[in-house]
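A.B. asks: My questions will all concern the structure given below.
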Amino acid sequence: MQSSEYQKIIEALLFAGPEPLTQTRVNGVFDRDAPNLKEVVTQLNCLYQKEDHAFVIKQIAGGYQLVSRPKYEHFIRRMLNKSGRLALSSAALDTLAIIAYKQPIGRYEVEAIRGVDSSGVIKTLLNRNLLKIKGRDTGPGRPLLYQTTKKFLEHFGLNRLSDMPKLKEIAELMEADPTLGEQIEAFKDSDSESEQNLDSSQLGSNPI
């Protein structure tokens with residue numbers, strides 16, 4: 001099979017697939033001689049750039065997905081009549097950010113940072129498959145621990161947790177406008193610990 005034909009097949013799979021396309025899924029499509037997905041994606045992206053397409057193939061959650069270029073986001077939002085990619089409340093986004101940076105973490109720790117009950121918000125995030133239960137803490141009562149999922153990476157266009165902005169970078173942005181949030185102070189003291197958790201989690205390869 002010629003290289004151009006492989007490109008068309010991979011492009012069709014990317015268009016049709018609701019989830020990031022992986023080499024394993026490509027192998028399952030071909031009876032034999034499956035193409036190297038990474039090489040084909042590189043070829044397609046070169047073609048898209050050369051022809052100035054409105055989309056590009058991005059590595060997300062351990063696979064590849066077709067995404068629109070940022071310059072066209074405004075028009076897509078207008079078409080969908082949405083203000084953002086996820087219909088999440090500020091409380092949900094707040095809780096999700098805390099768990100993403102400090103995972104695995106228990107509900108009481110989240111509430112200590114937020115200062116309010118977070119049980120309902122965590123339940124919502126679990127129902128939306130943005131969070132999952134990691135296990136139980138070894139402390140008194142052995143509370144449940146939570147961490148983000150592969151779906152979290154997909155929704156926010158991340159390939160792995162380490163792609164998230166570092167807490168020090170966020171702190172620098174907050175210094176320019178303190179009204180953006182006070183909870184950044186809760187993260188500063190545990191910055192190095194959080195980054196170790198991000199590097200060791202490797203959630204991108206775990207299914208939900």
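Identifiers in this document derive from the order of the structure tokens: chains are assigned A, B, ..., residues are numbered from 1 separately in each chain, and ligands are numbered from 1 in order of occurrence.
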Env of Gln59 of chain A: 12 Å cut, atoms = only C-alpha atoms, seq-sep filter 4 positions within chain, self excluded. Answer as a list of chain:residue names.
C.D. replies: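 In the requested format, the answer is A:Leu14, A:Glu19, A:Pro20, A:Leu21, A:Thr22, A:Leu37, A:Lys38, A:Val41, A:Thr42, A:Asn45, A:Gly63, A:Tyr64, A:Gln65, A:Leu66, A:Val67, A:Leu153, A:Glu154, A:Phe156, A:Gly157, A:Leu158, A:Asn159, A:Arg160, A:Asp163, A:Gly204.
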A.B. asks: Give me, as a PyMOL selection string, all polymer residues having an atom no more than 12 Å from Arg128 of chain A, counting only C-alpha atoms and skipping those fewer than 5 positions away in the same chain.
C.D. replies: chain A and resi 86-88+92+96+121-123+148-152+155+208
A.B. asks: Find the distance between atom CA of Arg32 of chain A and atom CA of Val56 of chain A and write it in Å to one decimal.
C.D. replies: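 Computing it gives 27.4 Å between the two atoms.
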A.B. asks: List every residue of segment 58-180 of chain A that DSSP, applied to the backbone of this structure, assigns to alpha helix (DSSP H), and report them as JSON, numbers by chain.
C.D. replies: {"A": [73, 74, 75, 76, 77, 78, 79, 80, 90, 91, 92, 93, 94, 95, 96, 97, 98, 99, 100, 101, 102, 107, 108, 109, 110, 111, 112, 113, 114, 119, 120, 121, 122, 123, 124, 125, 126, 127, 150, 151, 152, 153, 154, 155, 167, 168, 169, 170, 171, 172, 173, 174, 175, 176]}
A.B. asks: With C-alpha atoms kept, could you save the residues just selected as a PDB file, in the first residue's frame?
C.D. replies:
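Written file, out-v6.pdb:
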ATOM      1  CA  GLU A  73     -11.912  28.912  18.377  1.00  0.00           C
ATOM      2  CA  HIS A  74     -14.061  32.041  18.548  1.00  0.00           C
ATOM      3  CA  PHE A  75     -16.100  31.003  15.507  1.00  0.00           C
ATOM      4  CA  ILE A  76     -16.552  27.450  16.783  1.00  0.00           C
ATOM      5  CA  ARG A  77     -17.795  28.759  20.121  1.00  0.00           C
ATOM      6  CA  ARG A  78     -20.303  30.965  18.344  1.00  0.00           C
ATOM      7  CA  MET A  79     -21.545  28.008  16.302  1.00  0.00           C
ATOM      8  CA  LEU A  80     -21.944  25.817  19.366  1.00  0.00           C
ATOM      9  CA  SER A  90     -16.466  27.751  38.827  1.00  0.00           C
ATOM     10  CA  ALA A  91     -16.655  25.502  41.893  1.00  0.00           C
ATOM     11  CA  ALA A  92     -16.123  22.410  39.737  1.00  0.00           C
ATOM     12  CA  LEU A  93     -13.169  23.968  37.929  1.00  0.00           C
ATOM     13  CA  ASP A  94     -11.742  25.109  41.259  1.00  0.00           C
ATOM     14  CA  THR A  95     -11.973  21.601  42.709  1.00  0.00           C
ATOM     15  CA  LEU A  96     -10.650  19.985  39.548  1.00  0.00           C
ATOM     16  CA  ALA A  97      -7.597  22.251  39.551  1.00  0.00           C
ATOM     17  CA  ILE A  98      -6.777  21.405  43.164  1.00  0.00           C
ATOM     18  CA  ILE A  99      -7.025  17.669  42.540  1.00  0.00           C
ATOM     19  CA  ALA A 100      -5.084  17.871  39.264  1.00  0.00           C
ATOM     20  CA  TYR A 101      -2.110  19.531  40.922  1.00  0.00           C
ATOM     21  CA  LYS A 102      -2.125  17.697  44.266  1.00  0.00           C
ATOM     22  CA  ARG A 107     -11.980  15.273  49.950  1.00  0.00           C
ATOM     23  CA  TYR A 108     -11.111  16.798  53.332  1.00  0.00           C
ATOM     24  CA  GLU A 109      -7.830  18.145  51.954  1.00  0.00           C
ATOM     25  CA  VAL A 110      -9.707  19.702  49.037  1.00  0.00           C
ATOM     26  CA  GLU A 111     -12.190  21.267  51.440  1.00  0.00           C
ATOM     27  CA  ALA A 112      -9.371  22.586  53.628  1.00  0.00           C
ATOM     28  CA  ILE A 113      -8.046  24.499  50.618  1.00  0.00           C
ATOM     29  CA  ARG A 114     -11.413  25.654  49.273  1.00  0.00           C
ATOM     30  CA  SER A 119     -18.680  16.436  48.238  1.00  0.00           C
ATOM     31  CA  GLY A 120     -21.306  17.443  45.660  1.00  0.00           C
ATOM     32  CA  VAL A 121     -18.748  18.920  43.286  1.00  0.00           C
ATOM     33  CA  ILE A 122     -16.536  15.827  43.493  1.00  0.00           C
ATOM     34  CA  LYS A 123     -19.556  13.619  42.779  1.00  0.00           C
ATOM     35  CA  THR A 124     -20.311  15.678  39.658  1.00  0.00           C
ATOM     36  CA  LEU A 125     -16.731  15.359  38.444  1.00  0.00           C
ATOM     37  CA  LEU A 126     -16.821  11.604  39.064  1.00  0.00           C
ATOM     38  CA  ASN A 127     -20.058  11.302  37.071  1.00  0.00           C
ATOM     39  CA  LYS A 150      -7.715  10.090  30.790  1.00  0.00           C
ATOM     40  CA  LYS A 151     -10.952  11.929  29.943  1.00  0.00           C
ATOM     41  CA  PHE A 152      -9.580  14.934  31.859  1.00  0.00           C
ATOM     42  CA  LEU A 153      -6.535  14.959  29.564  1.00  0.00           C
ATOM     43  CA  GLU A 154      -8.750  14.690  26.482  1.00  0.00           C
ATOM     44  CA  HIS A 155     -11.060  17.535  27.507  1.00  0.00           C
ATOM     45  CA  LEU A 167       2.525  26.219  39.736  1.00  0.00           C
ATOM     46  CA  LYS A 168       5.388  28.719  39.791  1.00  0.00           C
ATOM     47  CA  GLU A 169       4.295  29.964  36.356  1.00  0.00           C
ATOM     48  CA  ILE A 170       0.732  30.398  37.608  1.00  0.00           C
ATOM     49  CA  ALA A 171       1.996  32.245  40.683  1.00  0.00           C
ATOM     50  CA  GLU A 172       3.826  34.721  38.431  1.00  0.00           C
ATOM     51  CA  LEU A 173       0.597  35.394  36.545  1.00  0.00           C
ATOM     52  CA  MET A 174      -1.266  35.920  39.818  1.00  0.00           C
ATOM     53  CA  GLU A 175       1.263  38.527  40.916  1.00  0.00           C
ATOM     54  CA  ALA A 176       0.184  40.689  37.983  1.00  0.00           C
TER      55      ALA A 176
END
A.B. asks: Quick one: pull the distance between atom CA of Lys132 of chain A and atom CA of Gly17 of chain A, Å, one decimal.
C.D. replies: 23.5 Å
A.B. asks: What's the separation between atom CA of Gln49 of chain A and atom CA of Ile9 of chain A, in Å to one decimal place?
C.D. replies: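 If I compute the distance from atom CA of Gln49 of chain A to atom CA of Ile9 of chain A, I get 19.1 Å.
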A.B. asks: Would you please give, as a list in words, all residues of segment 12-165 of chain A that DSSP assigns to strand (DSSP E) based on the backbone?
C.D. replies: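 Filtering segment 12-165 of chain A to strand (DSSP E) leaves Phe55, Val56, Ile57, Lys58, Gln59, Ile60, Gly63, Tyr64, Gln65, Leu66, Val67, Ser68, Ile105, Gly106, Leu131, Lys132, Ile133, Lys134, Gly135, Arg136, Leu144, Leu145, Tyr146, Gln147 and Thr148 of chain A.
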A.B. asks: Can those selected residues be exported to a file as a PDB file, in the first residue's frame so that it contains N, CA and C atoms?
C.D. replies:
ATOM      1  N   PHE A  55      -7.084  22.987  10.707  1.00  0.00           N
ATOM      2  CA  PHE A  55      -6.947  22.008  11.772  1.00  0.00           C
ATOM      3  C   PHE A  55      -5.555  21.382  11.740  1.00  0.00           C
ATOM      4  N   VAL A  56      -5.240  20.666  12.809  1.00  0.00           N
ATOM      5  CA  VAL A  56      -3.945  20.018  12.950  1.00  0.00           C
ATOM      6  C   VAL A  56      -4.142  18.761  13.786  1.00  0.00           C
ATOM      7  N   ILE A  57      -3.232  17.821  13.706  1.00  0.00           N
ATOM      8  CA  ILE A  57      -3.306  16.608  14.527  1.00  0.00           C
ATOM      9  C   ILE A  57      -2.433  16.828  15.751  1.00  0.00           C
ATOM     10  N   LYS A  58      -3.027  16.674  16.922  1.00  0.00           N
ATOM     11  CA  LYS A  58      -2.317  16.928  18.171  1.00  0.00           C
ATOM     12  C   LYS A  58      -2.258  15.661  19.010  1.00  0.00           C
ATOM     13  N   GLN A  59      -1.154  15.480  19.729  1.00  0.00           N
ATOM     14  CA  GLN A  59      -1.010  14.340  20.614  1.00  0.00           C
ATOM     15  C   GLN A  59      -1.743  14.627  21.917  1.00  0.00           C
ATOM     16  N   ILE A  60      -2.751  13.789  22.196  1.00  0.00           N
ATOM     17  CA  ILE A  60      -3.611  14.007  23.351  1.00  0.00           C
ATOM     18  C   ILE A  60      -3.872  12.679  24.057  1.00  0.00           C
ATOM     19  N   GLY A  63      -2.642   9.423  22.581  1.00  0.00           N
ATOM     20  CA  GLY A  63      -2.994   9.127  21.198  1.00  0.00           C
ATOM     21  C   GLY A  63      -2.953  10.395  20.369  1.00  0.00           C
ATOM     22  N   TYR A  64      -3.639  10.378  19.224  1.00  0.00           N
ATOM     23  CA  TYR A  64      -3.658  11.535  18.328  1.00  0.00           C
ATOM     24  C   TYR A  64      -5.095  11.901  17.979  1.00  0.00           C
ATOM     25  N   GLN A  65      -5.334  13.209  17.871  1.00  0.00           N
ATOM     26  CA  GLN A  65      -6.681  13.692  17.591  1.00  0.00           C
ATOM     27  C   GLN A  65      -6.618  14.927  16.704  1.00  0.00           C
ATOM     28  N   LEU A  66      -7.589  15.030  15.811  1.00  0.00           N
ATOM     29  CA  LEU A  66      -7.713  16.225  14.967  1.00  0.00           C
ATOM     30  C   LEU A  66      -8.326  17.352  15.791  1.00  0.00           C
ATOM     31  N   VAL A  67      -7.682  18.495  15.813  1.00  0.00           N
ATOM     32  CA  VAL A  67      -8.199  19.646  16.551  1.00  0.00           C
ATOM     33  C   VAL A  67      -8.118  20.888  15.669  1.00  0.00           C
ATOM     34  N   SER A  68      -9.022  21.823  15.912  1.00  0.00           N
ATOM     35  CA  SER A  68      -9.001  23.074  15.158  1.00  0.00           C
ATOM     36  C   SER A  68      -7.889  23.967  15.680  1.00  0.00           C
ATOM     37  N   ILE A 105      -5.468  12.960  46.236  1.00  0.00           N
ATOM     38  CA  ILE A 105      -5.828  13.810  47.361  1.00  0.00           C
ATOM     39  C   ILE A 105      -7.231  13.453  47.834  1.00  0.00           C
ATOM     40  N   GLY A 106      -7.460  13.587  49.131  1.00  0.00           N
ATOM     41  CA  GLY A 106      -8.761  13.276  49.699  1.00  0.00           C
ATOM     42  C   GLY A 106      -9.690  14.475  49.727  1.00  0.00           C
ATOM     43  N   LEU A 131     -12.815  12.662  37.094  1.00  0.00           N
ATOM     44  CA  LEU A 131     -12.107  12.170  38.266  1.00  0.00           C
ATOM     45  C   LEU A 131     -12.400  10.684  38.441  1.00  0.00           C
ATOM     46  N   LYS A 132     -11.494   9.998  39.135  1.00  0.00           N
ATOM     47  CA  LYS A 132     -11.745   8.616  39.521  1.00  0.00           C
ATOM     48  C   LYS A 132     -11.120   8.374  40.894  1.00  0.00           C
ATOM     49  N   ILE A 133     -11.543   7.307  41.533  1.00  0.00           N
ATOM     50  CA  ILE A 133     -11.026   6.959  42.854  1.00  0.00           C
ATOM     51  C   ILE A 133      -9.707   6.226  42.698  1.00  0.00           C
ATOM     52  N   LYS A 134      -8.681   6.751  43.341  1.00  0.00           N
ATOM     53  CA  LYS A 134      -7.345   6.166  43.285  1.00  0.00           C
ATOM     54  C   LYS A 134      -7.188   5.033  44.287  1.00  0.00           C
ATOM     55  N   GLY A 135      -7.826   5.163  45.451  1.00  0.00           N
ATOM     56  CA  GLY A 135      -7.696   4.186  46.524  1.00  0.00           C
ATOM     57  C   GLY A 135      -8.087   4.830  47.831  1.00  0.00           C
ATOM     58  N   ARG A 136      -7.496   4.385  48.918  1.00  0.00           N
ATOM     59  CA  ARG A 136      -7.791   4.961  50.220  1.00  0.00           C
ATOM     60  C   ARG A 136      -6.513   5.420  50.897  1.00  0.00           C
ATOM     61  N   LEU A 144     -11.278   8.184  50.966  1.00  0.00           N
ATOM     62  CA  LEU A 144     -11.008   7.935  49.549  1.00  0.00           C
ATOM     63  C   LEU A 144     -10.066   8.992  48.995  1.00  0.00           C
ATOM     64  N   LEU A 145      -9.230   8.570  48.062  1.00  0.00           N
ATOM     65  CA  LEU A 145      -8.320   9.480  47.365  1.00  0.00           C
ATOM     66  C   LEU A 145      -8.777   9.605  45.915  1.00  0.00           C
ATOM     67  N   TYR A 146      -8.651  10.800  45.363  1.00  0.00           N
ATOM     68  CA  TYR A 146      -9.111  11.063  43.999  1.00  0.00           C
ATOM     69  C   TYR A 146      -7.955  11.517  43.106  1.00  0.00           C
ATOM     70  N   GLN A 147      -8.087  11.193  41.816  1.00  0.00           N
ATOM     71  CA  GLN A 147      -7.125  11.659  40.828  1.00  0.00           C
ATOM     72  C   GLN A 147      -7.857  11.879  39.508  1.00  0.00           C
ATOM     73  N   THR A 148      -7.231  12.600  38.605  1.00  0.00           N
ATOM     74  CA  THR A 148      -7.845  12.880  37.305  1.00  0.00           C
ATOM     75  C   THR A 148      -7.757  11.654  36.403  1.00  0.00           C
TER      76      THR A 148
END
